[in-house]
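Student: Next up is a structure, given as structure tokens.
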2 protein chains.
Amino acid sequence: MTERMFDTTCIGNAIVDVIGKTDDAFLEAENLVKNSMNLIDESRAEELYAKMQSAIEMSGGSAGNTAAGIASLGGKCAYVGKVRDDQLGAIFSHDIRASGVTFETKKTTNGAATARSLILVTPDAHRTMNTYLGACIELGPEDIDPAMIAASKVTYMEGYLWDPEGGKKAFRKAAEISHAAGQRVSLTLSDSFCVNRYRDEFQEFIKSGVDILFANEEEVKSLYETDSFDAALDAVRGHVEIACLTRSEKGSIIVSGAEVHQIEAESGIEVVDTTGAGDLFAAGFLYGFTNGHSLAASGRIGSMAAAEVISHYGARPVADLRDLLRKKLAVA
Amino acid sequence: MTERMFDTTCIGNAIVDVIGKTDDAFLEAENLVKNSMNLIDESRAEELYAKMQSAIEMSGGSAGNTAAGIASLGGKCAYVGKVRDDQLGAIFSHDIRASGVTFETKKTTNGAATARSLILVTPDAHRTMNTYLGACIELGPEDIDPAMIAASKVTYMEGYLWDPEGGKKAFRKAAEISHAAGQRVSLTLSDSFCVNRYRDEFQEFIKSGVDILFANEEEVKSLYETDSFDAALDAVRGHVEIACLTRSEKGSIIVSGAEVHQIEAESGIEVVDTTGAGDLFAAGFLYGFTNGHSLAASGRIGSMAAAEVISHYGARPVADLRDLLRKKLAVA
């Protein structure tokens with residue numbers, strides 16, 4: 001066990017996505033804010049599912065998508081997240097392992113079912129997520145394998161992990177082990193509502209324990225309670241080694257001390273479903289970064305991976321990203 | 001209950017599809033014949049799933065796909081099939097009802113899990129199916145509601161229903177009720193291996209109890225043990241009121257007594273996954289036929305519905321078929 005090495009270990013809520021089409025009128029009738037992630041309980045999940053159109057099921061979870069993306073690029077990746085021993089848990093476990101990711105977290109054998117997110121996709125390709133956390137609330141520090149974290153160049157965690165009680169503790173334990181082993185800690189802010197829920201704790205954790213931060217424009221502005229992207233960028237620059245700030249069709253900006261790289265978004269993409277765009281940007285960047293590429297090159301790999309995932313339904317890559325990398329960026 | 005009317009009631013094996021990409025080498029290594037449907041037991045299902053790439057889950061089942069297609073076209077449709085009270089059963093039940101299909105078959109509460117079919121799609125868009133029947137073996141004559149069958153212009157059944165023991169009995173009971181009520185019985189031969197398993201019984205049942213038969217070229221040739229499509233066509237012509245014979249890219253032929261209609265396949269389709277092509281042809285034809293369209297027009301609706309379903313992964317329509325019908329065939 002101790003001799004294994006990983007480019008990245010991703011820790012997150014292990015979720016099966018239930019993806020259905022909808023329209024704006026439905027979102028309005030259900031009081032849902034487009035592009036947000038809403039936490040729902042089991043009875044609301046049943047109620048909303050009953051109102052949804054027929055759907056498709058695919059493994060998801062923000063950090064799970066990132067892990068699958070890193071593996072698809074050819075990176076060595078592990079995943080930590082909690083499912084139950086039910087049919088959805090079997091689906092999640094199968095898919096992440098079939099993607100080439102090491103996944104060893106113990107399943108629960110009683111209590112809440114495997115988590116699912118009811119994802120409503122509108123004709124404009126935007127997604128609105130409604131997540132029942134289920135078995136994810138059972139993740140705790142005991143699920144963190146110190147040898148795995150110490151053997152990972154980067155330990156990456158999703159902000160959503162702050163929602164289940166034990167997740168935060170697992171999160172802090174992993175960060176400590178990673179730093180003690182001389183490795184890096186990375187965090188994505190996940191969602192601006194998530195930032196609202198945990199702003200103070202996030203600010204403190206970022207200052208003290210995060211080396212590589214991922215955030216979109218809304219999230220980083222929410223973190224520093226400012227309407228100005230430039231002000232948010234200046235604030236975050238002093239707090240982390242590297243900040244990757246994504247701005248949808250405006251591309252992304254990678255900041256590291258005095259270095260600033262503007263990365264263009266891929267052009268000519270027919271956008272079908274934006275679910276997973278941020279997760280796959282992180283996958284591409286982390287794959288590049290942990291494999292010796294420059295910040296700018298890593299950002300371009302992120303853009304390419306994000307472009308692939310928004311061109312179809314579902315939050316995990318359908319194409320072989322390693323192939324795409326060779327063809328589009330001439331990176332082996 | 002007795003006042004309800006249906007265009008079609010579809011009876012079949014209620015299955016969740018697990019769809020993954022593969023290559024020809026994998027099929028060969030696993031001794032799988034491309035385009036066939038293989039029945040597998042639970043342990044083989046586990047073994048094969050463990051070897052599969054990451055997958056997506058979608059409700060399927062041949063007659064279930066046909067039912068969803070009829071409803072998408074705007075037809076009134078009911079479905080009869082057996083699932084368990086597990087997560088996959090909840091997915092199947094949700095999706096077929098969300099498609100607008102009446103589904104009232106009682107779920108099992110113990111025994112085998114809801115059926116699943118591991119569908120391997122090769123780069124040439126062909127599919128090879130591996131079906132674990134699970135809870136489908138519990139379907140029996142007690143699941144046939146006489147009022148529902150009597151109120152259906154057509155009762156449609158899949159040949160696959162001959163595989164689970166009770167299915168055949170349910171099948172025969174439904175056919176008797178349908179005919180006693182002056183309605184029509186329709187059968188699809190499903191698969192040439194299925195025809196091999198039940199050739200004599202199929203021949204007898206078709207002569208005595210089937211009004212509208214669906215078969216592809218291989219299936220109808222297997223039924224009459226001939227290498228000649230024309231010989232098979234001549235044989236079937238005397239046995240059923242209407243025979244719909246599909247020939248993939250060569251289109252289809254609809255025969256009724258002396259009437260013969262050649263229907264062209266839709267052109268310019270980028271074929272992604274052929275799963276459900278036959279099921280959706282049947283949906284289009286039955287929708288047309290039960291709504292007063294001519295045999296030729298019904299056949300064209302069938303071609304259009306089949307073309308939609310092979311243009312994407314999964315065996316149920318993604319587009320609103322009623323919209324397509326208006327746009328492509330100017331049929332309201």
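Here, A, B, ... name the chains of the structure tokens in the order displayed, residue numbers run from 1 inside each chain, and ligands are numbered from 1 in the same displayed order.
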After fitting chain A to chain B over all Cα atoms matched in order, what RMSD is left?

Tutor: 0.0 Å

Student: Could you list, as JSON, numbers by chain, every residue of chain B that has an atom within 8 Å of an atom of chain A, counting only C-alpha atoms?

Tutor: {"B": [49, 50, 51, 52, 53, 54, 55, 56, 57, 58, 59, 86, 87, 88, 94, 95, 96, 97, 98, 99]}

Student: Can I get the selected residues back with N, CA and C atoms, as an mmCIF file, in the first residue's frame?

Tutor:
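Below is the file that was written, result_7.cif:
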data_model
loop_
_atom_site.group_PDB
_atom_site.id
_atom_site.type_symbol
_atom_site.label_atom_id
_atom_site.label_comp_id
_atom_site.auth_asym_id
_atom_site.auth_seq_id
_atom_site.Cartn_x
_atom_site.Cartn_y
_atom_site.Cartn_z
ATOM 1 N N TYR B 49 -20.208 -7.421 -15.896
ATOM 2 C CA TYR B 49 -20.279 -6.010 -15.488
ATOM 3 C C TYR B 49 -18.912 -5.550 -14.982
ATOM 4 N N ALA B 50 -18.255 -6.412 -14.210
ATOM 5 C CA ALA B 50 -16.944 -6.050 -13.652
ATOM 6 C C ALA B 50 -15.926 -5.786 -14.768
ATOM 7 N N LYS B 51 -16.129 -6.419 -15.923
ATOM 8 C CA LYS B 51 -15.199 -6.236 -17.038
ATOM 9 C C LYS B 51 -15.575 -5.073 -17.948
ATOM 10 N N MET B 52 -16.795 -4.560 -17.797
ATOM 11 C CA MET B 52 -17.292 -3.493 -18.680
ATOM 12 C C MET B 52 -16.699 -2.139 -18.336
ATOM 13 N N GLN B 53 -16.618 -1.271 -19.324
ATOM 14 C CA GLN B 53 -16.244 0.124 -19.084
ATOM 15 C C GLN B 53 -17.338 0.817 -18.278
ATOM 16 N N SER B 54 -17.072 2.042 -17.834
ATOM 17 C CA SER B 54 -18.109 2.761 -17.102
ATOM 18 C C SER B 54 -19.297 2.946 -18.049
ATOM 19 N N ALA B 55 -20.492 2.945 -17.460
ATOM 20 C CA ALA B 55 -21.709 2.795 -18.253
ATOM 21 C C ALA B 55 -22.730 3.868 -17.888
ATOM 22 N N ILE B 56 -23.787 3.933 -18.673
ATOM 23 C CA ILE B 56 -24.935 4.741 -18.272
ATOM 24 C C ILE B 56 -26.135 3.815 -18.147
ATOM 25 N N GLU B 57 -27.055 4.174 -17.289
ATOM 26 C CA GLU B 57 -28.239 3.366 -17.062
ATOM 27 C C GLU B 57 -29.465 4.086 -17.615
ATOM 28 N N MET B 58 -30.277 3.339 -18.342
ATOM 29 C CA MET B 58 -31.514 3.899 -18.898
ATOM 30 C C MET B 58 -32.559 2.798 -18.898
ATOM 31 N N SER B 59 -33.818 3.148 -18.661
ATOM 32 C CA SER B 59 -34.872 2.153 -18.768
ATOM 33 C C SER B 59 -34.899 1.598 -20.179
ATOM 34 N N ASP B 86 -36.906 -2.452 -5.852
ATOM 35 C CA ASP B 86 -35.538 -2.019 -5.582
ATOM 36 C C ASP B 86 -35.240 -0.734 -6.376
ATOM 37 N N GLN B 87 -34.002 -0.252 -6.320
ATOM 38 C CA GLN B 87 -33.695 1.037 -6.953
ATOM 39 C C GLN B 87 -33.856 0.990 -8.469
ATOM 40 N N LEU B 88 -33.448 -0.127 -9.089
ATOM 41 C CA LEU B 88 -33.610 -0.211 -10.542
ATOM 42 C C LEU B 88 -35.094 -0.305 -10.907
ATOM 43 N N HIS B 94 -40.530 4.802 -12.779
ATOM 44 C CA HIS B 94 -40.566 6.248 -12.986
ATOM 45 C C HIS B 94 -40.538 6.606 -14.462
ATOM 46 N N ASP B 95 -39.591 6.009 -15.170
ATOM 47 C CA ASP B 95 -39.362 6.431 -16.554
ATOM 48 C C ASP B 95 -40.544 6.097 -17.453
ATOM 49 N N ILE B 96 -41.111 4.908 -17.283
ATOM 50 C CA ILE B 96 -42.191 4.550 -18.193
ATOM 51 C C ILE B 96 -43.428 5.402 -17.907
ATOM 52 N N ARG B 97 -43.660 5.693 -16.630
ATOM 53 C CA ARG B 97 -44.799 6.568 -16.294
ATOM 54 C C ARG B 97 -44.524 7.998 -16.744
ATOM 55 N N ALA B 98 -43.288 8.450 -16.565
ATOM 56 C CA ALA B 98 -42.953 9.819 -16.984
ATOM 57 C C ALA B 98 -43.076 9.976 -18.495
ATOM 58 N N SER B 99 -42.980 8.858 -19.234
ATOM 59 C CA SER B 99 -43.173 8.907 -20.690
ATOM 60 C C SER B 99 -44.641 9.042 -21.059
#

Student: Just the residues within 6 Å of B:Cys10, please, counting only C-alpha atoms, with nothing from its chain fewer than 5 positions along; format it as a count of residues only.

Tutor: 4

Student: Going by DSSP on the backbone, which residues of stretch 29-227 of chain B come out as strand (DSSP E)? List them as an mmCIF file with C-alpha atoms, in the first residue's frame.

Tutor:
data_model
loop_
_atom_site.group_PDB
_atom_site.id
_atom_site.type_symbol
_atom_site.label_atom_id
_atom_site.label_comp_id
_atom_site.auth_asym_id
_atom_site.auth_seq_id
_atom_site.Cartn_x
_atom_site.Cartn_y
_atom_site.Cartn_z
ATOM 1 C CA MET B 37 -29.359 -11.033 -27.121
ATOM 2 C CA ASN B 38 -27.803 -13.485 -24.673
ATOM 3 C CA LEU B 39 -29.567 -14.646 -21.533
ATOM 4 C CA ILE B 56 -24.935 4.741 -18.272
ATOM 5 C CA GLU B 57 -28.239 3.366 -17.062
ATOM 6 C CA MET B 58 -31.514 3.899 -18.898
ATOM 7 C CA SER B 59 -34.872 2.153 -18.768
ATOM 8 C CA CYS B 77 -50.486 3.267 -24.269
ATOM 9 C CA ALA B 78 -50.285 0.829 -21.351
ATOM 10 C CA TYR B 79 -47.413 -1.434 -20.330
ATOM 11 C CA VAL B 80 -47.314 -4.735 -18.447
ATOM 12 C CA THR B 102 -50.006 3.618 -17.903
ATOM 13 C CA PHE B 103 -48.043 1.078 -15.822
ATOM 14 C CA ALA B 115 -33.792 -7.243 -14.593
ATOM 15 C CA ARG B 116 -30.881 -5.564 -16.319
ATOM 16 C CA SER B 117 -29.306 -5.893 -19.726
ATOM 17 C CA LEU B 118 -25.615 -5.224 -20.142
ATOM 18 C CA ILE B 119 -25.491 -3.656 -23.601
ATOM 19 C CA LEU B 120 -22.125 -3.484 -25.303
ATOM 20 C CA VAL B 121 -21.950 -0.960 -28.133
ATOM 21 C CA ARG B 127 -25.226 -3.549 -29.884
ATOM 22 C CA THR B 128 -24.794 -6.900 -28.181
ATOM 23 C CA MET B 129 -27.117 -7.523 -25.271
ATOM 24 C CA ASN B 130 -26.578 -9.652 -22.173
ATOM 25 C CA THR B 131 -29.755 -9.913 -20.165
ATOM 26 C CA TYR B 132 -30.243 -11.108 -16.602
ATOM 27 C CA SER B 152 -56.755 -1.944 -26.246
ATOM 28 C CA LYS B 153 -57.027 -1.787 -30.031
ATOM 29 C CA VAL B 154 -53.794 -3.772 -30.189
ATOM 30 C CA THR B 155 -52.094 -5.953 -27.584
ATOM 31 C CA TYR B 156 -48.415 -6.123 -28.492
ATOM 32 C CA MET B 157 -45.988 -8.663 -27.067
ATOM 33 C CA GLU B 158 -42.275 -9.331 -27.455
ATOM 34 C CA ARG B 184 -55.885 -7.308 -32.553
ATOM 35 C CA VAL B 185 -52.846 -9.209 -31.292
ATOM 36 C CA SER B 186 -49.351 -8.239 -32.348
ATOM 37 C CA LEU B 187 -46.023 -9.999 -31.826
ATOM 38 C CA THR B 188 -42.404 -9.149 -32.527
ATOM 39 C CA ILE B 212 -49.750 -8.087 -36.843
ATOM 40 C CA LEU B 213 -46.243 -9.553 -36.918
ATOM 41 C CA PHE B 214 -42.961 -7.628 -36.654
ATOM 42 C CA ALA B 215 -39.691 -9.289 -37.625
ATOM 43 C CA ASN B 216 -36.379 -8.387 -39.134
#

Student: Show which residues sit within 10 Å of B:Ala297, as a list of chain:residue names. Count only C-alpha atoms, and ignore same-chain residues fewer than 3 positions away.

Tutor: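 In the requested form, the answer reads B:His261, B:Ile263, B:Gly284, B:Phe285, B:Gly288, B:Phe289, B:Gly292, B:His293, B:Ser294, B:Arg300, B:Ile301, B:Gly302, B:Ser303, B:Leu329, B:Val331.
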
Student: For the residues in that selection, give me N, CA and C atoms as an mmCIF file, in the first residue's frame.

Tutor:
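What follows is the written file again-v3.cif:
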data_model
loop_
_atom_site.group_PDB
_atom_site.id
_atom_site.type_symbol
_atom_site.label_atom_id
_atom_site.label_comp_id
_atom_site.auth_asym_id
_atom_site.auth_seq_id
_atom_site.Cartn_x
_atom_site.Cartn_y
_atom_site.Cartn_z
ATOM 1 N N HIS B 261 -46.045 -2.961 -49.459
ATOM 2 C CA HIS B 261 -45.501 -1.597 -49.436
ATOM 3 C C HIS B 261 -44.023 -1.641 -49.092
ATOM 4 N N ILE B 263 -41.001 0.470 -47.799
ATOM 5 C CA ILE B 263 -40.753 1.743 -47.108
ATOM 6 C C ILE B 263 -39.245 1.975 -47.073
ATOM 7 N N GLY B 284 -43.813 3.312 -34.047
ATOM 8 C CA GLY B 284 -44.320 4.210 -35.090
ATOM 9 C C GLY B 284 -45.432 3.560 -35.895
ATOM 10 N N PHE B 285 -45.206 2.304 -36.279
ATOM 11 C CA PHE B 285 -46.233 1.619 -37.071
ATOM 12 C C PHE B 285 -47.533 1.484 -36.273
ATOM 13 N N GLY B 288 -49.395 4.733 -35.886
ATOM 14 C CA GLY B 288 -50.076 5.096 -37.132
ATOM 15 C C GLY B 288 -51.309 4.236 -37.364
ATOM 16 N N PHE B 289 -51.109 2.931 -37.242
ATOM 17 C CA PHE B 289 -52.180 1.984 -37.528
ATOM 18 C C PHE B 289 -53.387 2.189 -36.607
ATOM 19 N N GLY B 292 -55.598 5.392 -37.446
ATOM 20 C CA GLY B 292 -56.293 5.548 -38.720
ATOM 21 C C GLY B 292 -55.443 5.856 -39.929
ATOM 22 N N HIS B 293 -54.112 5.735 -39.804
ATOM 23 C CA HIS B 293 -53.262 5.980 -40.969
ATOM 24 C C HIS B 293 -53.165 4.723 -41.825
ATOM 25 N N SER B 294 -52.808 4.910 -43.098
ATOM 26 C CA SER B 294 -52.665 3.777 -44.019
ATOM 27 C C SER B 294 -51.459 2.929 -43.610
ATOM 28 N N ARG B 300 -43.997 4.608 -42.652
ATOM 29 C CA ARG B 300 -43.091 5.765 -42.682
ATOM 30 C C ARG B 300 -42.912 6.356 -41.282
ATOM 31 N N ILE B 301 -43.973 6.359 -40.488
ATOM 32 C CA ILE B 301 -43.839 6.834 -39.097
ATOM 33 C C ILE B 301 -42.879 5.906 -38.341
ATOM 34 N N GLY B 302 -42.981 4.609 -38.613
ATOM 35 C CA GLY B 302 -42.054 3.645 -38.007
ATOM 36 C C GLY B 302 -40.600 3.938 -38.368
ATOM 37 N N SER B 303 -40.346 4.208 -39.642
ATOM 38 C CA SER B 303 -38.971 4.514 -40.084
ATOM 39 C C SER B 303 -38.428 5.759 -39.399
ATOM 40 N N LEU B 329 -43.178 14.531 -41.389
ATOM 41 C CA LEU B 329 -44.194 13.854 -42.203
ATOM 42 C C LEU B 329 -45.492 14.650 -42.311
ATOM 43 N N VAL B 331 -47.725 14.986 -40.267
ATOM 44 C CA VAL B 331 -48.839 14.228 -39.672
ATOM 45 C C VAL B 331 -49.076 14.801 -38.274
#

Student: Enumerate as a PyMOL selection string all residues of stretch 86-321 of chain A assigned to helix (DSSP H, G or I) by DSSP on the backbone, naming them with the chain letters and numbers the document uses.

Tutor: chain A and resi 87-98+134-138+141-143+146-150+159-162+165-180+192-209+217-223+229-237+248-250+277-290+295-309+321

Student: For a test of reading the model, state the distance in Å between atom CA of A:Ile310 and atom CA of A:Cys244, rounded to one decimal.

Tutor: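 Spanning atom CA of A:Ile310 to atom CA of A:Cys244 is a straight-line distance of 18.8 Å.
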
Student: What does the distance between atom CA of A:Thr22 and atom CA of B:Asp85 come to in Å, to one decimal place?

Tutor: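 Result for atom CA of A:Thr22 versus atom CA of B:Asp85: 26.7 Å, one decimal.
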
Student: Which residues come within 12 Å of stretch 225-241 of chain B, counting only C-alpha atoms, excluding same-chain residues fewer than 3 positions away, as a ChimeraX atom specification?

Tutor: /B:184-187,192,195-196,199-200,202-222,244-247,252-260,295

Student: May I ask for the distance between atom CA of B:Ala282 and atom CA of B:Ala135, given in Å to one decimal place?

Tutor: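 A separation of 25.0 Å between them.
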
Student: Considering only C-alpha atoms, state which residue in the set B:Thr108, B:Ser267, B:Thr122, B:Ser72 is at the smallest distance from B:Pro317.

Tutor: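 Ranking B:Thr108, B:Ser267, B:Thr122, B:Ser72 by distance to B:Pro317, first place goes to B:Ser72.
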
Student: Out of B:Ile242, B:Leu321, B:Ile144, B:Ala125, which residue has the shortest atom-to-atom distance to B:Gly299 when counting only C-alpha atoms?

Tutor: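 Closest to B:Gly299, using only C-alpha atoms: B:Ile242.
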